[in-house]
file coords_12.cif (mmCIF, C-alpha atoms)
data_final
#
loop_
_atom_site.group_PDB
_atom_site.id
_atom_site.type_symbol
_atom_site.label_atom_id
_atom_site.label_comp_id
_atom_site.auth_asym_id
_atom_site.auth_seq_id
_atom_site.Cartn_x
_atom_site.Cartn_y
_atom_site.Cartn_z
ATOM 1 C CA ASP A 1 0.000 0.000 0.000
ATOM 2 C CA ILE A 2 2.931 2.313 -0.620
ATOM 3 C CA GLU A 3 2.573 5.321 -2.887
ATOM 4 C CA SER A 4 5.802 5.581 -4.892
ATOM 5 C CA ILE A 5 7.301 3.306 -7.531
ATOM 6 C CA GLU A 6 10.723 4.014 -6.032
ATOM 7 C CA ASP A 7 9.664 2.515 -2.699
ATOM 8 C CA LEU A 8 8.222 -0.492 -4.504
ATOM 9 C CA ILE A 9 11.453 -1.137 -6.388
ATOM 10 C CA LYS A 10 13.455 -0.753 -3.175
ATOM 11 C CA ILE A 11 11.311 -3.296 -1.343
ATOM 12 C CA VAL A 12 11.288 -5.844 -4.158
ATOM 13 C CA SER A 13 14.995 -5.533 -4.951
ATOM 14 C CA GLN A 14 15.918 -6.041 -1.279
ATOM 15 C CA THR A 15 13.652 -9.029 -0.659
ATOM 16 C CA TYR A 16 12.972 -10.985 -3.867
ATOM 17 C CA ASP A 17 15.744 -13.529 -3.220
ATOM 18 C CA ILE A 18 14.530 -14.354 0.302
ATOM 19 C CA GLU A 19 13.049 -17.837 0.098
ATOM 20 C CA GLU A 20 10.149 -17.112 2.426
ATOM 21 C CA ILE A 21 8.876 -14.299 0.197
ATOM 22 C CA SER A 22 6.229 -15.944 -1.976
ATOM 23 C CA GLY A 23 4.951 -12.866 -3.778
ATOM 24 C CA TYR A 24 4.077 -9.177 -3.742
ATOM 25 C CA LYS A 25 0.657 -7.608 -3.119
ATOM 26 C CA ILE A 26 -0.157 -4.413 -5.000
ATOM 27 C CA GLY A 27 -2.818 -2.070 -3.668
ATOM 28 C CA PHE A 28 -4.907 0.606 -5.357
ATOM 29 C CA SER A 29 -2.485 3.415 -4.438
ATOM 30 C CA LEU A 30 0.196 2.189 -6.832
ATOM 31 C CA ALA A 31 -2.295 1.008 -9.452
ATOM 32 C CA LEU A 32 -4.180 4.306 -9.631
ATOM 33 C CA ARG A 33 -1.066 6.458 -9.495
ATOM 34 C CA TYR A 34 1.032 4.659 -12.117
ATOM 35 C CA GLY A 35 -1.228 2.194 -13.898
ATOM 36 C CA LEU A 36 -1.371 -1.482 -13.018
ATOM 37 C CA SER A 37 0.484 -2.733 -16.098
ATOM 38 C CA TYR A 38 3.416 -0.423 -15.431
ATOM 39 C CA VAL A 39 3.656 -1.437 -11.781
ATOM 40 C CA VAL A 40 3.671 -5.124 -12.725
ATOM 41 C CA SER A 41 6.320 -4.529 -15.407
ATOM 42 C CA GLU A 42 8.606 -2.869 -12.865
ATOM 43 C CA ILE A 43 8.314 -5.851 -10.527
ATOM 44 C CA ARG A 44 8.914 -8.243 -13.428
ATOM 45 C CA LYS A 45 12.253 -6.547 -14.137
ATOM 46 C CA ILE A 46 13.392 -7.933 -10.785
ATOM 47 C CA THR A 47 11.494 -11.163 -10.069
ATOM 48 C CA GLU A 48 9.020 -13.710 -11.416
ATOM 49 C CA LYS A 49 7.432 -14.286 -8.020
ATOM 50 C CA SER A 50 3.650 -14.099 -7.854
ATOM 51 C CA ILE A 51 1.914 -10.730 -7.993
ATOM 52 C CA ILE A 52 -1.374 -10.261 -6.146
ATOM 53 C CA TYR A 53 -3.700 -7.347 -6.809
ATOM 54 C CA ASP A 54 -5.807 -6.131 -3.874
ATOM 55 C CA HIS A 55 -8.378 -3.550 -4.947
ATOM 56 C CA GLN A 56 -9.495 -2.827 -1.353
ATOM 57 C CA LYS A 57 -12.181 -4.248 -1.537
ATOM 58 C CA GLY A 58 -12.634 -5.601 -5.021
ATOM 59 C CA GLY A 59 -15.607 -7.827 -5.698
ATOM 60 C CA THR A 60 -18.121 -5.598 -3.939
ATOM 61 C CA ASP A 61 -19.858 -4.391 -7.078
ATOM 62 C CA VAL A 62 -22.575 -5.468 -9.488
ATOM 63 C CA PRO A 63 -21.994 -8.708 -11.455
ATOM 64 C CA HIS A 64 -21.400 -7.193 -14.898
ATOM 65 C CA MET A 65 -18.382 -5.232 -13.623
ATOM 66 C CA SER A 66 -16.546 -8.488 -12.923
ATOM 67 C CA LYS A 67 -15.484 -9.094 -16.515
ATOM 68 C CA ILE A 68 -14.209 -5.541 -16.932
ATOM 69 C CA PHE A 69 -12.167 -5.901 -13.760
ATOM 70 C CA SER A 70 -10.770 -9.340 -14.573
ATOM 71 C CA ASN A 71 -9.856 -8.396 -18.154
ATOM 72 C CA ILE A 72 -7.893 -5.376 -16.934
ATOM 73 C CA LEU A 73 -6.005 -7.573 -14.470
ATOM 74 C CA LYS A 74 -5.292 -10.122 -17.197
ATOM 75 C CA ILE A 75 -3.853 -7.455 -19.503
ATOM 76 C CA ALA A 76 -1.623 -6.326 -16.616
ATOM 77 C CA ASN A 77 -0.394 -9.921 -16.060
ATOM 78 C CA ILE A 78 -1.673 -10.231 -12.511
ATOM 79 C CA ASP A 79 -1.441 -13.742 -11.031
ATOM 80 C CA TYR A 80 -3.859 -13.482 -8.086
ATOM 81 C CA ALA A 81 -6.638 -11.087 -7.071
ATOM 82 C CA ILE A 82 -8.040 -10.528 -3.599
ATOM 83 C CA ILE A 83 -11.781 -9.923 -3.524
ATOM 84 C CA PHE A 84 -14.202 -9.266 -0.662
ATOM 85 C CA PRO A 85 -17.587 -10.033 -2.283
ATOM 86 C CA LEU A 86 -19.756 -8.477 0.424
ATOM 87 C CA CYS A 87 -22.726 -7.287 -1.626
ATOM 88 C CA GLY A 88 -24.424 -10.604 -2.447
ATOM 89 C CA PRO A 89 -24.215 -14.127 -3.917
ATOM 90 C CA SER A 90 -24.814 -13.113 -7.544
ATOM 91 C CA SER A 91 -21.870 -10.721 -7.472
ATOM 92 C CA GLU A 92 -19.639 -13.177 -5.642
ATOM 93 C CA ILE A 93 -20.305 -15.903 -8.188
ATOM 94 C CA SER A 94 -19.779 -13.546 -11.112
ATOM 95 C CA TRP A 95 -16.516 -12.094 -9.812
ATOM 96 C CA ILE A 96 -15.004 -15.466 -8.961
ATOM 97 C CA GLU A 97 -15.987 -16.967 -12.298
ATOM 98 C CA ALA A 98 -14.737 -13.945 -14.250
ATOM 99 C CA LEU A 99 -11.306 -14.160 -12.627
ATOM 100 C CA LYS A 100 -11.067 -17.893 -13.206
ATOM 101 C CA GLU A 101 -12.045 -17.471 -16.862
ATOM 102 C CA VAL A 102 -8.895 -15.424 -17.476
ATOM 103 C CA ASP A 103 -6.689 -17.711 -15.354
ATOM 104 C CA ILE A 104 -6.337 -15.339 -12.423
ATOM 105 C CA THR A 105 -6.563 -17.081 -9.065
ATOM 106 C CA PRO A 106 -9.231 -15.530 -6.802
ATOM 107 C CA ILE A 107 -8.352 -15.087 -3.140
ATOM 108 C CA VAL A 108 -11.593 -14.630 -1.218
ATOM 109 C CA GLY A 109 -11.910 -12.655 1.988
ATOM 110 C CA ALA A 110 -14.979 -11.875 4.061
ATOM 111 C CA ILE A 111 -13.690 -10.482 7.369
ATOM 112 C CA MET A 112 -11.649 -7.326 7.672
ATOM 113 C CA THR A 113 -9.077 -6.750 10.399
ATOM 114 C CA ILE A 114 -10.924 -3.832 12.039
ATOM 115 C CA SER A 115 -12.629 -4.483 15.375
ATOM 116 C CA ASP A 116 -16.029 -3.040 14.404
ATOM 117 C CA PHE A 117 -16.580 -5.032 11.204
ATOM 118 C CA LEU A 118 -19.190 -7.585 12.300
ATOM 119 C CA SER A 119 -22.575 -6.455 13.646
ATOM 120 C CA SER A 120 -21.957 -8.021 17.059
ATOM 121 C CA ASN A 121 -19.146 -5.483 17.493
ATOM 122 C CA GLY A 122 -21.030 -2.521 16.065
ATOM 123 C CA GLY A 123 -20.293 -3.133 12.393
ATOM 124 C CA PHE A 124 -22.507 -3.256 9.332
ATOM 125 C CA ILE A 125 -21.891 -6.890 8.331
ATOM 126 C CA GLU A 126 -24.045 -9.630 9.868
ATOM 127 C CA ASP A 127 -22.075 -12.212 11.824
ATOM 128 C CA ASN A 128 -23.234 -15.104 9.623
ATOM 129 C CA ALA A 129 -22.226 -13.383 6.363
ATOM 130 C CA PRO A 130 -18.565 -14.492 6.212
ATOM 131 C CA LEU A 131 -19.423 -18.178 6.383
ATOM 132 C CA LYS A 132 -22.005 -17.736 3.614
ATOM 133 C CA ILE A 133 -19.357 -16.081 1.457
ATOM 134 C CA PHE A 134 -16.798 -18.796 2.153
ATOM 135 C CA LYS A 135 -19.290 -21.569 1.392
ATOM 136 C CA ILE A 136 -20.152 -20.100 -2.010
ATOM 137 C CA ALA A 137 -16.459 -19.692 -2.785
ATOM 138 C CA ALA A 138 -15.814 -23.307 -1.809
ATOM 139 C CA GLN A 139 -18.629 -24.491 -4.079
ATOM 140 C CA LEU A 140 -16.951 -22.641 -6.952
ATOM 141 C CA GLY A 141 -13.643 -24.381 -6.297
ATOM 142 C CA VAL A 142 -11.806 -21.528 -4.593
ATOM 143 C CA LYS A 143 -8.752 -22.725 -2.650
ATOM 144 C CA ASP A 144 -7.365 -19.401 -1.410
ATOM 145 C CA TYR A 145 -8.823 -17.397 1.487
ATOM 146 C CA VAL A 146 -8.048 -14.258 3.510
ATOM 147 C CA LEU A 147 -8.501 -14.515 7.284
ATOM 148 C CA PRO A 148 -7.713 -11.938 9.988
ATOM 149 C CA GLY A 149 -4.311 -12.517 11.572
ATOM 150 C CA ASN A 150 -5.094 -10.154 14.444
ATOM 151 C CA ASN A 151 -8.305 -11.839 15.594
ATOM 152 C CA TYR A 152 -7.344 -15.302 16.766
ATOM 153 C CA GLN A 153 -10.862 -16.329 17.728
ATOM 154 C CA LEU A 154 -12.249 -15.586 14.264
ATOM 155 C CA LEU A 155 -9.113 -16.953 12.615
ATOM 156 C CA GLU A 156 -9.543 -20.293 14.330
ATOM 157 C CA LYS A 157 -13.323 -20.328 13.810
ATOM 158 C CA TYR A 158 -13.302 -19.695 10.072
ATOM 159 C CA LYS A 159 -10.212 -21.783 9.408
ATOM 160 C CA LYS A 160 -12.073 -24.739 10.932
ATOM 161 C CA GLU A 161 -15.145 -24.018 8.807
ATOM 162 C CA ILE A 162 -13.150 -23.718 5.577
ATOM 163 C CA ASP A 163 -11.010 -26.773 6.339
ATOM 164 C CA ALA A 164 -14.221 -28.811 6.561
ATOM 165 C CA ILE A 165 -15.397 -27.881 3.058
ATOM 166 C CA VAL A 166 -12.213 -27.207 1.051
ATOM 167 C CA ASP A 167 -9.525 -29.709 0.161
ATOM 168 C CA SER A 168 -6.070 -28.295 1.018
ATOM 169 C CA PRO A 169 -7.016 -24.619 1.362
ATOM 170 C CA ILE A 170 -4.385 -21.888 1.322
ATOM 171 C CA TYR A 171 -4.668 -18.975 3.735
ATOM 172 C CA TYR A 172 -3.462 -15.369 3.634
ATOM 173 C CA LEU A 173 -3.288 -13.482 6.927
ATOM 174 C CA PRO A 174 -3.225 -9.667 7.110
ATOM 175 C CA GLY A 175 -3.343 -7.825 10.427
ATOM 176 C CA ILE A 176 0.052 -8.994 11.652
ATOM 177 C CA GLY A 177 2.487 -6.414 12.990
ATOM 178 C CA GLU A 178 1.075 -2.877 13.041
ATOM 179 C CA GLN A 179 -2.476 -4.168 13.571
ATOM 180 C CA GLY A 180 -1.532 -6.324 16.533
ATOM 181 C CA GLY A 181 -1.362 -9.869 15.168
ATOM 182 C CA GLU A 182 1.594 -12.027 16.189
ATOM 183 C CA ILE A 183 3.204 -14.622 13.940
ATOM 184 C CA SER A 184 3.935 -16.963 16.853
ATOM 185 C CA ILE A 185 0.267 -17.156 17.875
ATOM 186 C CA CYS A 186 -0.945 -17.548 14.285
ATOM 187 C CA SER A 187 1.565 -20.356 13.773
ATOM 188 C CA LYS A 188 -0.071 -22.354 16.559
ATOM 189 C CA ILE A 189 -3.455 -22.028 14.862
ATOM 190 C CA MET A 190 -2.430 -22.570 11.237
ATOM 191 C CA LYS A 191 -1.471 -26.027 9.993
ATOM 192 C CA ASN A 192 -2.359 -25.724 6.329
ATOM 193 C CA LYS A 193 -0.302 -23.804 3.808
ATOM 194 C CA TRP A 194 -0.477 -20.160 4.822
ATOM 195 C CA HIS A 195 1.027 -16.805 3.948
ATOM 196 C CA ILE A 196 1.460 -13.669 6.002
ATOM 197 C CA ILE A 197 0.500 -10.359 4.414
ATOM 198 C CA ILE A 198 2.719 -7.686 5.933
ATOM 199 C CA GLY A 199 2.811 -4.055 4.858
ATOM 200 C CA ARG A 200 3.725 -1.284 7.269
ATOM 201 C CA SER A 201 6.073 -3.355 9.413
ATOM 202 C CA ILE A 202 8.191 -3.783 6.285
ATOM 203 C CA TYR A 203 7.863 -0.573 4.301
ATOM 204 C CA LYS A 204 8.236 1.635 7.398
ATOM 205 C CA SER A 205 11.395 -0.195 8.424
ATOM 206 C CA LYS A 206 14.787 1.491 8.108
ATOM 207 C CA ASP A 207 16.315 -1.893 7.250
ATOM 208 C CA ILE A 208 13.818 -3.648 5.006
ATOM 209 C CA ARG A 209 15.870 -6.711 4.175
ATOM 210 C CA ASN A 210 16.791 -7.595 7.748
ATOM 211 C CA THR A 211 13.243 -6.920 8.904
ATOM 212 C CA VAL A 212 11.934 -9.460 6.391
ATOM 213 C CA ILE A 213 14.622 -11.986 7.319
ATOM 214 C CA ASN A 214 13.791 -11.639 11.007
ATOM 215 C CA LEU A 215 10.071 -11.996 10.334
ATOM 216 C CA ALA A 216 10.744 -15.126 8.282
ATOM 217 C CA LYS A 217 12.630 -16.669 11.201
ATOM 218 C CA LEU A 218 9.466 -16.470 13.281
ATOM 219 C CA LEU A 219 7.817 -18.935 10.895
ATOM 220 C CA ASP A 220 10.180 -21.735 11.925
#
call {"tool": "encode", "arguments": {"input": "coords_12.cif", "output": "structure tokens"}}
result
Amino acid sequence: DIESIEDLIKIVSQTYDIEEISGYKIGFSLALRYGLSYVVSEIRKITEKSIIYDHQKGGTDVPHMSKIFSNILKIANIDYAIIFPLCGPSSEISWIEALKEVDITPIVGAIMTISDFLSSNGGFIEDNAPLKIFKIAAQLGVKDYVLPGNNYQLLEKYKKEIDAIVDSPIYYLPGIGEQGGEISICSKIMKNKWHIIIGRSIYKSKDIRNTVINLAKLLD
């Protein structure tokens, strides 16, 4: 979620050869400022590791927008796209299918890392909505899911639910570091293949490479 291409190049060039780095997540700030294709091309000058696009929160739009979105991502050579399809089943189905049609892997999220997201904590989203979203995604063959790394109760709850309906799911955990989540605690919960999504703890660091190396050691 950085804002300059120079910062992006610095981060990628200092970390691409670290084994534990599986890919790079691009947010709307870079995409809107420079154009998604250009941002991807700059990363590709350095590494062939996976590139994820996170539109914060893509997928929450009417069904017919899904093909426009997915075709743009395909032209830009995006590998994965994070979507939070919060507005209804018809949109969720359309957005997942549109991404899969152009060979972009959908990563489906349904719970944000803020404390007042679900209605039981004062939020707008009903507590039973995330499971509904995950079940539809599972029925469509989605293997990749976003879960909150800073809410261990919900992390464990929804991991258990997804594990029961998806064969060998892959998880992506934001909320670690600046938002309070700890790798050591998440490691005790996660047993499937999982990835940590870390932003500010890395790009605010004065020593990016060593910060990433030290974070990777916590995965052992």
call {"tool": "axis_aligned_box", "arguments": {"input": "coords_12.cif", "around": "range 188-199 of chain A", "padding_each_side": "4 Å", "output": "AutoDock Vina command-line options"}}
result
--center_x -0.3 --center_y -15.0 --center_z 10.2 --size_x 14.3 --size_y 30.0 --size_z 20.8
call {"tool": "residues_around", "arguments": {"input": "coords_12.cif", "residues": "range 64-76 of chain A", "least_positions_apart": "6", "cutoff": "12 Å", "atoms": "all atoms listed in the file", "output": "PyMOL selection string"}}
result
chain A and resi 26+31+35-44+51-55+58+82-83+85+90-106
call {"tool": "closest_atom_pairs", "arguments": {"input": "coords_12.cif", "of": "range 59-163 of chain A", "to": "range 197-201 of chain A", "cutoff": "12 Å", "atoms": "all atoms listed in the file", "output": "CSV"}}
result
residue,atom,partner,partner_atom,distance
A:Ile82,CA,A:Ile197,CA,11.7
A:Thr113,CA,A:Ile197,CA,11.9
A:Val146,CA,A:Ile197,CA,9.4
A:Leu147,CA,A:Ile197,CA,10.3
A:Pro148,CA,A:Ile197,CA,10.1
A:Gly149,CA,A:Ile197,CA,8.9
A:Asn150,CA,A:Ile197,CA,11.5
call {"tool": "residues_around", "arguments": {"input": "coords_12.cif", "residues": "Ile136 in chain A", "least_positions_apart": "3", "cutoff": "8 Å", "atoms": "only C-alpha atoms", "output": "tab-separated table (two decimals) with C-alpha atoms, in the frame of the given file"}}
result
chain	number	residue	atom	x	y	z
A	89	PRO	CA	-24.22	-14.13	-3.92
A	92	GLU	CA	-19.64	-13.18	-5.64
A	93	ILE	CA	-20.30	-15.90	-8.19
A	132	LYS	CA	-22.00	-17.74	3.61
A	133	ILE	CA	-19.36	-16.08	1.46
A	139	GLN	CA	-18.63	-24.49	-4.08
A	140	LEU	CA	-16.95	-22.64	-6.95
call {"tool": "residues_around", "arguments": {"input": "coords_12.cif", "residues": "Ser168 in chain A", "least_positions_apart": "5", "cutoff": "10 Å", "atoms": "only C-alpha atoms", "output": "VMD selection string"}}
result
chain A and resid 143 to 144 162 to 163 192 to 193
call {"tool": "resolve_selection", "arguments": {"input": "coords_12.cif", "expression": "the PyMOL selection byres ((chain A and resi 190) around 10)", "output": "ChimeraX atom specification"}}
result
/A:155-156,159-160,171,185-189,191-195
call {"tool": "atom_distance", "arguments": {"input": "coords_12.cif", "atom1": "CA of Pro169 in chain A", "atom2": "CA of Asp79 in chain A"}}
result
17.4 Å
call {"tool": "residues_around", "arguments": {"input": "coords_12.cif", "residues": "Ser13 in chain A", "least_positions_apart": "2", "cutoff": "10 Å", "atoms": "all atoms listed in the file", "output": "list in words"}}
result
Asp7, Leu8, Ile9, Lys10, Ile11, Thr15, Tyr16, Asp17, Ile43, Lys45, Ile46, Thr47 and Arg209 of chain A
call {"tool": "write_last_selection", "arguments": {"input": "coords_12.cif", "atoms": "C-alpha atoms", "output": "short mmCIF file (atom, residue, chain, number, x, y, z; two decimals), keeping the file's coordinate frame"}}
result
data_model
loop_
_atom_site.label_atom_id
_atom_site.label_comp_id
_atom_site.auth_asym_id
_atom_site.auth_seq_id
_atom_site.Cartn_x
_atom_site.Cartn_y
_atom_site.Cartn_z
CA ASP A 7 9.66 2.52 -2.70
CA LEU A 8 8.22 -0.49 -4.50
CA ILE A 9 11.45 -1.14 -6.39
CA LYS A 10 13.46 -0.75 -3.18
CA ILE A 11 11.31 -3.30 -1.34
CA THR A 15 13.65 -9.03 -0.66
CA TYR A 16 12.97 -10.98 -3.87
CA ASP A 17 15.74 -13.53 -3.22
CA ILE A 43 8.31 -5.85 -10.53
CA LYS A 45 12.25 -6.55 -14.14
CA ILE A 46 13.39 -7.93 -10.78
CA THR A 47 11.49 -11.16 -10.07
CA ARG A 209 15.87 -6.71 4.18
#
call {"tool": "closest_residue", "arguments": {"input": "coords_12.cif", "among": "A:Gly177, A:Glu126, A:Val108, A:Ile183", "to": "Ser205 in chain A", "atoms": "only C-alpha atoms"}}
result
A:Gly177
call {"tool": "atom_distance", "arguments": {"input": "coords_12.cif", "atom1": "CA of Glu19 in chain A", "atom2": "CA of Glu178 in chain A"}}
result
23.1 Å
call {"tool": "atom_distance", "arguments": {"input": "coords_12.cif", "atom1": "CA of Gln179 in chain A", "atom2": "CA of Ser22 in chain A"}}
result
21.4 Å
call {"tool": "residues_near_point", "arguments": {"input": "coords_12.cif", "point": "(-17.9, -1.6, -3.2)", "cutoff": "10 Å", "atoms": "only C-alpha atoms", "output": "PyMOL selection string"}}
result
chain A and resi 55-62+84-87
call {"tool": "closest_residue", "arguments": {"input": "coords_12.cif", "among": "A:Ser184, A:Tyr203, A:Ile2, A:Gly27", "to": "Leu219 in chain A", "atoms": "all atoms listed in the file"}}
result
A:Ser184
